[in-house]
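Have a look at query-v3.cif below; it lists mmCIF, C-alpha atoms.
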```cif
data_query
loop_
_atom_site.label_atom_id
_atom_site.label_comp_id
_atom_site.auth_asym_id
_atom_site.auth_seq_id
_atom_site.Cartn_x
_atom_site.Cartn_y
_atom_site.Cartn_z
CA MET A 220 -8.71 -25.10 34.22
CA SER A 221 -11.18 -27.90 33.55
CA ARG A 222 -10.51 -30.71 31.10
CA LYS A 223 -13.29 -29.45 28.83
CA LYS A 224 -11.66 -26.02 28.50
CA LYS A 225 -8.24 -27.59 27.89
CA THR A 226 -9.71 -29.77 25.15
CA GLY A 227 -11.42 -26.77 23.58
CA LEU A 228 -8.19 -24.76 23.61
CA ALA A 229 -6.23 -27.67 22.12
CA VAL A 230 -8.76 -28.05 19.30
CA SER A 231 -8.69 -24.30 18.66
CA TYR A 232 -4.90 -24.26 18.47
CA ILE A 233 -4.86 -27.24 16.10
CA ILE A 234 -7.39 -25.55 13.81
CA LEU A 235 -5.43 -22.29 13.84
CA ILE A 236 -2.17 -24.12 13.08
CA LEU A 237 -3.78 -25.92 10.13
CA ILE A 238 -5.22 -22.67 8.80
CA SER A 239 -1.80 -21.03 9.14
CA ILE A 240 -0.14 -23.85 7.23
CA VAL A 241 -2.69 -23.62 4.42
CA TRP A 242 -2.31 -19.83 4.29
CA LEU A 243 1.51 -19.87 4.35
CA PHE A 244 1.97 -22.77 1.93
CA PRO A 245 1.71 -20.64 -1.28
CA PHE A 246 4.25 -18.18 0.11
CA PHE A 247 6.61 -21.04 0.94
CA CYS A 248 6.32 -22.31 -2.64
CA LEU A 249 6.92 -18.79 -3.94
CA ILE A 250 10.15 -18.50 -1.94
CA MET A 251 11.33 -21.94 -3.02
CA GLN A 252 10.68 -21.24 -6.68
CA SER A 253 12.64 -18.00 -6.50
CA PHE A 254 15.72 -20.14 -5.77
CA ARG A 255 15.03 -22.69 -8.52
CA SER A 256 17.61 -22.78 -11.28
CA TYR A 257 15.88 -22.36 -14.61
CA ALA A 258 18.82 -23.75 -16.61
CA THR A 259 19.09 -27.08 -14.75
CA GLU A 260 15.37 -27.92 -14.53
CA TYR A 261 14.03 -26.68 -17.84
CA GLY A 262 12.49 -29.31 -20.08
CA GLY A 263 11.42 -31.81 -17.44
CA MET A 264 8.84 -32.13 -14.72
CA VAL A 265 9.21 -29.17 -12.38
CA ASN A 266 8.95 -29.69 -8.64
CA TYR A 267 7.09 -26.60 -7.45
CA LEU A 268 7.45 -27.57 -3.80
CA MET A 269 11.19 -28.11 -3.47
CA PRO A 270 13.69 -27.30 -6.25
CA LYS A 271 16.29 -29.88 -7.20
CA ASN A 272 19.02 -27.27 -7.38
CA PHE A 273 19.10 -24.04 -5.41
CA SER A 274 20.52 -21.06 -7.21
CA LEU A 275 20.68 -17.26 -6.99
CA ASP A 276 20.46 -16.89 -10.78
CA ASN A 277 17.00 -15.33 -10.60
CA TYR A 278 18.10 -12.65 -8.15
CA LYS A 279 21.27 -11.99 -10.17
CA PHE A 280 19.07 -11.51 -13.22
CA LEU A 281 16.97 -8.89 -11.41
CA PHE A 282 20.06 -6.82 -10.54
CA ASP A 283 21.60 -7.13 -14.00
CA THR A 284 20.76 -3.81 -15.63
CA GLU A 285 21.90 -5.05 -19.04
CA GLN A 286 19.24 -7.79 -19.15
CA THR A 287 16.32 -6.21 -17.35
CA LYS A 288 14.97 -2.89 -16.11
CA TYR A 289 13.79 -4.38 -12.83
CA LEU A 290 15.74 -1.87 -10.70
CA HIS A 291 14.28 0.98 -12.75
CA TRP A 292 10.75 -0.38 -12.25
CA TYR A 293 11.42 -0.93 -8.56
CA GLY A 294 12.63 2.64 -8.30
CA ASN A 295 9.50 3.93 -10.04
CA THR A 296 7.33 2.06 -7.58
CA LEU A 297 9.33 3.26 -4.58
CA ILE A 298 9.22 6.90 -5.72
CA ILE A 299 5.46 6.79 -6.31
CA ALA A 300 4.73 5.05 -3.00
CA CYS A 301 6.97 7.32 -0.87
CA VAL A 302 5.82 10.61 -2.42
CA VAL A 303 2.15 9.59 -2.26
CA SER A 304 2.55 8.41 1.33
CA VAL A 305 4.00 11.74 2.49
CA LEU A 306 1.73 14.09 0.52
CA GLN A 307 -1.44 12.09 1.08
CA THR A 308 -0.80 11.88 4.82
CA LEU A 309 -0.27 15.65 5.04
CA ILE A 310 -3.48 16.35 3.11
CA VAL A 311 -5.55 13.88 5.12
CA ILE A 312 -4.27 15.31 8.42
CA CYS A 313 -5.11 18.89 7.39
CA VAL A 314 -8.57 17.99 6.07
CA SER A 315 -9.38 15.83 9.09
CA TYR A 316 -8.26 18.54 11.52
CA ALA A 317 -10.40 21.15 9.76
CA LEU A 318 -13.49 18.94 9.75
CA SER A 319 -12.97 17.80 13.34
CA ARG A 320 -12.11 21.10 15.01
CA MET A 321 -13.68 23.83 12.89
CA ARG A 322 -17.32 24.67 12.24
CA PHE A 323 -18.07 26.48 8.99
CA ALA A 324 -20.90 26.82 6.50
CA GLY A 325 -21.32 23.77 4.30
CA ARG A 326 -19.21 21.49 6.51
CA THR A 327 -21.88 18.81 6.92
CA ALA A 328 -22.91 18.99 3.27
CA LEU A 329 -19.28 18.66 2.18
CA MET A 330 -18.75 15.53 4.27
CA ARG A 331 -21.96 14.00 2.91
CA ILE A 332 -20.98 14.73 -0.67
CA TRP A 333 -17.55 13.18 -0.17
CA LEU A 334 -19.16 10.18 1.47
CA VAL A 335 -21.45 9.64 -1.53
CA LEU A 336 -18.65 10.19 -4.06
CA GLY A 337 -16.50 7.66 -2.21
CA MET A 338 -19.10 4.97 -2.87
CA PHE A 339 -18.48 5.11 -6.62
CA PRO A 340 -15.68 2.79 -7.82
CA GLY A 341 -12.60 4.45 -9.21
CA PHE A 342 -12.88 2.43 -12.41
CA LEU A 343 -15.64 4.75 -13.58
CA THR A 344 -13.16 7.60 -13.98
CA MET A 345 -10.31 5.67 -15.61
CA ILE A 346 -11.01 6.73 -19.20
CA CYS A 347 -11.54 10.36 -18.25
CA LEU A 348 -8.40 10.46 -16.10
CA TYR A 349 -6.33 8.80 -18.79
CA PHE A 350 -7.24 11.36 -21.44
CA LEU A 351 -6.70 14.17 -18.93
CA LEU A 352 -3.22 12.88 -18.09
CA LYS A 353 -2.49 12.33 -21.78
CA GLN A 354 -3.25 15.97 -22.55
CA MET A 355 -0.86 16.96 -19.76
CA GLY A 356 1.87 14.64 -21.05
CA LEU A 357 1.78 12.42 -17.95
CA THR A 358 1.28 9.00 -19.54
CA GLN A 359 3.53 6.21 -20.81
CA ALA A 360 7.18 7.34 -20.23
CA ASN A 361 5.96 10.08 -17.84
CA ALA A 362 3.54 7.83 -16.00
CA VAL A 363 5.30 8.22 -12.63
CA PRO A 364 4.30 11.87 -11.99
CA GLY A 365 0.88 11.11 -13.48
CA LEU A 366 0.27 8.28 -11.02
CA ILE A 367 1.44 10.49 -8.14
CA LEU A 368 -0.95 13.25 -9.19
CA ILE A 369 -3.92 10.90 -9.44
CA SER A 370 -3.16 9.30 -6.07
CA ILE A 371 -3.00 12.55 -4.11
CA ALA A 372 -5.67 14.51 -6.02
CA SER A 373 -8.61 13.07 -4.09
CA SER A 374 -6.77 12.04 -0.92
CA GLY A 375 -8.73 14.52 1.19
CA MET A 376 -11.81 12.34 0.75
CA GLY A 377 -10.17 9.67 2.89
CA TYR A 378 -10.57 11.68 6.07
CA TYR A 379 -13.02 9.32 7.83
CA VAL A 380 -10.71 7.33 10.11
CA CYS A 381 -8.32 10.19 10.83
CA LYS A 382 -11.17 12.58 11.69
CA GLY A 383 -12.66 9.97 14.01
CA TYR A 384 -9.35 9.77 15.86
CA PHE A 385 -9.09 13.56 16.14
CA ASP A 386 -12.60 13.64 17.59
CA THR A 387 -11.37 11.54 20.53
CA ILE A 388 -8.84 14.22 21.53
CA PRO A 389 -10.46 16.66 24.01
CA LYS A 390 -11.22 20.03 22.47
CA SER A 391 -10.42 21.66 25.80
CA LEU A 392 -6.75 21.32 24.85
CA ASP A 393 -7.36 23.46 21.78
CA GLU A 394 -9.28 26.03 23.78
CA ALA A 395 -6.53 26.30 26.39
CA ALA A 396 -3.92 26.73 23.66
CA ARG A 397 -6.03 29.39 21.92
CA ILE A 398 -6.29 31.32 25.18
CA ASP A 399 -2.50 31.24 25.43
CA GLY A 400 -2.27 32.75 21.95
CA ALA A 401 -1.53 29.67 19.85
CA THR A 402 -2.64 29.64 16.22
CA ARG A 403 -4.52 26.83 14.51
CA ALA A 404 -1.34 25.71 12.79
CA GLN A 405 0.58 25.64 16.08
CA ILE A 406 -2.16 23.61 17.76
CA LEU A 407 -2.11 21.09 14.91
CA VAL A 408 1.67 20.72 14.73
CA GLN A 409 2.60 21.00 18.41
CA MET A 410 -0.40 19.36 20.09
CA ILE A 411 -2.61 17.28 17.82
CA VAL A 412 0.10 15.61 15.75
CA PRO A 413 2.17 14.34 18.75
CA LEU A 414 -1.02 12.90 20.28
CA SER A 415 -2.04 11.26 16.99
CA LYS A 416 1.01 9.16 16.20
CA PRO A 417 -0.95 5.90 15.68
CA ILE A 418 -3.43 7.35 13.19
CA ILE A 419 -0.68 9.20 11.30
CA ILE A 420 1.30 5.98 10.91
CA TYR A 421 -1.86 4.14 9.87
CA THR A 422 -2.64 6.78 7.26
CA ALA A 423 0.93 6.73 5.92
CA LEU A 424 0.95 2.93 5.65
CA VAL A 425 -2.37 2.82 3.80
CA ALA A 426 -1.19 5.59 1.48
CA PHE A 427 2.06 3.68 0.84
CA LEU A 428 0.39 0.36 0.10
CA ALA A 429 -2.09 1.64 -2.49
CA PRO A 430 0.46 2.67 -5.18
CA TRP A 431 2.90 -0.05 -4.11
CA CYS A 432 0.37 -2.74 -5.04
CA ASP A 433 -1.33 -0.88 -7.90
CA TYR A 434 -1.61 -2.73 -11.18
CA VAL A 435 -4.85 -1.80 -12.96
CA PHE A 436 -4.46 1.97 -13.24
CA ALA A 437 -0.66 1.80 -13.50
CA SER A 438 -0.88 -0.51 -16.52
CA TYR A 439 -3.49 1.76 -18.03
CA VAL A 440 -1.40 4.94 -17.71
CA ALA A 441 1.99 3.44 -18.65
CA PHE A 442 0.61 1.28 -21.46
CA GLY A 443 3.15 0.58 -24.21
CA ASN A 444 6.24 2.13 -22.61
CA SER A 445 8.38 0.13 -20.20
CA ASP A 446 10.06 3.26 -18.80
CA GLY A 447 6.83 4.16 -16.99
CA TYR A 448 6.08 0.70 -15.60
CA ASN A 449 5.97 -0.06 -11.92
CA VAL A 450 6.97 -3.47 -10.59
CA ALA A 451 3.48 -4.98 -10.75
CA VAL A 452 2.95 -4.07 -14.40
CA ALA A 453 6.45 -5.13 -15.46
CA MET A 454 6.27 -8.49 -13.72
CA GLN A 455 2.88 -9.18 -15.27
CA ARG A 456 4.45 -8.59 -18.68
CA TRP A 457 7.05 -11.22 -17.79
CA VAL A 458 4.51 -14.00 -17.31
CA TRP A 459 2.88 -13.02 -20.61
CA THR A 460 6.02 -13.94 -22.55
CA ASN A 461 6.41 -17.17 -24.50
CA ASP A 462 9.14 -18.27 -22.09
CA TYR A 463 6.67 -18.58 -19.23
CA GLN A 464 8.54 -21.31 -17.36
CA GLY A 465 11.79 -19.35 -17.38
CA TYR A 466 10.31 -16.03 -16.35
CA PHE A 467 8.08 -17.59 -13.71
CA THR A 468 11.06 -18.15 -11.39
CA ARG A 469 12.19 -14.57 -11.99
CA PHE A 470 8.64 -13.45 -11.28
CA CYS A 471 8.82 -15.25 -7.91
CA ALA A 472 12.17 -13.65 -7.06
CA GLY A 473 10.82 -10.22 -7.98
CA GLY A 474 7.75 -10.82 -5.84
CA ILE A 475 9.93 -11.63 -2.84
CA LEU A 476 11.84 -8.36 -3.20
CA VAL A 477 8.58 -6.43 -3.55
CA ALA A 478 7.21 -7.97 -0.35
CA ILE A 479 10.25 -7.10 1.77
CA PRO A 480 9.57 -3.36 2.36
CA VAL A 481 5.90 -3.94 3.20
CA THR A 482 6.75 -6.81 5.55
CA VAL A 483 9.38 -4.75 7.38
CA LEU A 484 7.03 -1.79 7.76
CA PHE A 485 4.26 -3.93 9.23
CA MET A 486 6.62 -5.74 11.58
CA PHE A 487 7.86 -2.50 13.12
CA LEU A 488 4.67 -0.45 12.92
CA GLN A 489 1.99 -3.08 13.57
CA LYS A 490 1.28 -1.74 17.07
CA TYR A 491 0.54 1.77 15.79
CA TYR A 492 -1.39 0.40 12.82
CA VAL A 493 -3.84 -1.44 15.10
CA GLU A 494 -4.13 1.54 17.47
CA GLY A 495 -4.89 3.81 14.53
CA ILE A 496 -7.72 1.62 13.30
CA THR A 497 -9.32 1.09 16.70
CA GLY A 498 -8.82 4.70 17.80
CA GLY A 499 -10.32 6.13 14.64
CA ALA A 500 -13.35 3.91 14.91
CA VAL A 501 -14.48 5.28 18.27
CA LYS A 502 -16.15 8.38 16.87
CA GLY A 503 -17.09 9.36 13.33
#
```
Output the structure of this file as structure tokens.
Amino acid sequence: MSRKKKTGLAVSYIILILISIVWLFPFFCLIMQSFRSYATEYGGMVNYLMPKNFSLDNYKFLFDTEQTKYLHWYGNTLIIACVVSVLQTLIVICVSYALSRMRFAGRTALMRIWLVLGMFPGFLTMICLYFLLKQMGLTQANAVPGLILISIASSGMGYYVCKGYFDTIPKSLDEAARIDGATRAQILVQMIVPLSKPIIIYTALVAFLAPWCDYVFASYVAFGNSDGYNVAVAMQRWVWTNDYQGYFTRFCAGGILVAIPVTVLFMFLQKYYVEGITGGAVKG
């Protein structure tokens, strides 16, 4: 390798390292603040880079059910994310398989209509959806089933990437199975699904992340009742209190616990996540 190429690589690595440091610095501060003792540092200048005294008080507070409902809010978020991930993935797979493998009247028009509707931001329907859920009794204390219903109601419109992946699987496999007497359902479950592991994992991860990180619509549906809060809404209420400095450290500790499941999922499923994106982008 020539000296010019070595110099170029060295400069590239240095730039990437600097960018990584800048990107990771806020997360480092967040972790450090989650271990800062509120009682020993309150009233003076706070060191947001490195606490004077490390403590687990913030994490103990989160698990103390007498002082906070954090575990209840965490459970709400986990229930919503898991149920939505499973149901939305099943719906997307079925819709994508039908649009990829079957030819029926109105198929092209249906895909075009869904494509156009998907261009409109979801905020336009917030008021309408809220009053609809309110009439059904799925707001405030019952916000959890309401948020699940809203998340899976239009999930079939997110067929684009999954359908593109199914299009890459040869249709001759379906034809051979049909000759042998297999039904559409058997072809989907026994042939297409095993060959589509990356896109299924990608779809499940995307479906999990949406409600896990949701704040806007969750705060709108659960407004005024803490029993229906998810973690994002509840933690935002913490930093709105008068005791901002005290609850900020608890906010950081809660954020660390929220990030753990997502981080673990991406660490173990990153390979399939990337394959799902690239595979689904080959054909549309």
Report summary line: In Å and to one decimal, CA of Thr308 in chain A is distant from CA of Ala401 in chain A by 23.3 Å
Query - Selection result of the PyMOL selection byres ((chain A and resi 454) around 10) on this file, as a list in words - result: Tyr289, Trp292, Tyr448, Asn449, Val450, Ala451, Val452, Ala453, Gln455, Arg456, Trp457, Val458, Trp459, Tyr466, Phe467, Arg469, Phe470, Cys471, Gly473 and Gly474 of chain A
Saved selection, atoms kept: C-alpha atoms, as a JSON list (two decimals), in the coordinates of the input:
```
[["chain", "number", "residue", "atom", "x", "y", "z"],
["A", 289, "TYR", "CA", 13.79, -4.38, -12.83],
["A", 292, "TRP", "CA", 10.75, -0.38, -12.25],
["A", 448, "TYR", "CA", 6.08, 0.70, -15.60],
["A", 449, "ASN", "CA", 5.97, -0.06, -11.92],
["A", 450, "VAL", "CA", 6.97, -3.47, -10.59],
["A", 451, "ALA", "CA", 3.48, -4.98, -10.75],
["A", 452, "VAL", "CA", 2.95, -4.07, -14.40],
["A", 453, "ALA", "CA", 6.45, -5.13, -15.46],
["A", 455, "GLN", "CA", 2.88, -9.18, -15.27],
["A", 456, "ARG", "CA", 4.45, -8.59, -18.68],
["A", 457, "TRP", "CA", 7.05, -11.22, -17.79],
["A", 458, "VAL", "CA", 4.51, -14.00, -17.31],
["A", 459, "TRP", "CA", 2.88, -13.02, -20.61],
["A", 466, "TYR", "CA", 10.31, -16.03, -16.35],
["A", 467, "PHE", "CA", 8.08, -17.59, -13.71],
["A", 469, "ARG", "CA", 12.19, -14.57, -11.99],
["A", 470, "PHE", "CA", 8.64, -13.45, -11.28],
["A", 471, "CYS", "CA", 8.82, -15.25, -7.91],
["A", 473, "GLY", "CA", 10.82, -10.22, -7.98],
["A", 474, "GLY", "CA", 7.75, -10.82, -5.84]]
```
Requested in this report: Could you list the residues chosen by the PyMOL selection byres ((chain A and resi 478) around 12) in this structure as a list in words?
Outcome: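 Residues picked by the PyMOL selection byres ((chain A and resi 478) around 12): Phe246, Leu249, Ile250, Tyr293, Leu428, Trp431, Cys432, Val450, Ala451, Cys471, Ala472, Gly473, Gly474, Ile475, Leu476, Val477, Ile479, Pro480, Val481, Thr482, Val483, Leu484 and Phe485 of chain A.
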Report task. List the neighbours of Val363 in chain A out to 9 Å using all atoms listed in the file; skip same-chain residues closer than 5 positions along the sequence, and give me the result as an NGL selection string. Result -> :A and (295-296 or 298-299 or 357-358 or 368 or 437 or 441 or 447-449)
Report task. Have a look at CA of Asn361 in chain A and CA of Asn444 in chain A and let me know their distance in Å, one decimal. Result -> 9.3 Å
Query raised in the report: By how many Å are CA of Lys382 in chain A and CA of Leu306 in chain A apart?
Result: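 Between CA of Lys382 in chain A and CA of Leu306 in chain A the gap is 17.1 Å.
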**Report entry** Exercise: Ala372 in chain A partners within 10 Å, only C-alpha atoms, chain neighbours under 2 positions left out, as a list in words
**Finding:** Val303, Leu306, Gln307, Ile310, Leu366, Ile367, Leu368, Ile369, Ser370, Ser374, Gly375 and Met376 of chain A
**Report entry** the PyMOL selection byres ((chain A and resi 419) around 12) applied to the shown file, residues as a ChimeraX atom specification
**Finding:** /A:304-305,307-313,315,378,380-382,384-385,411-418,420-426,488,491-496,498-499
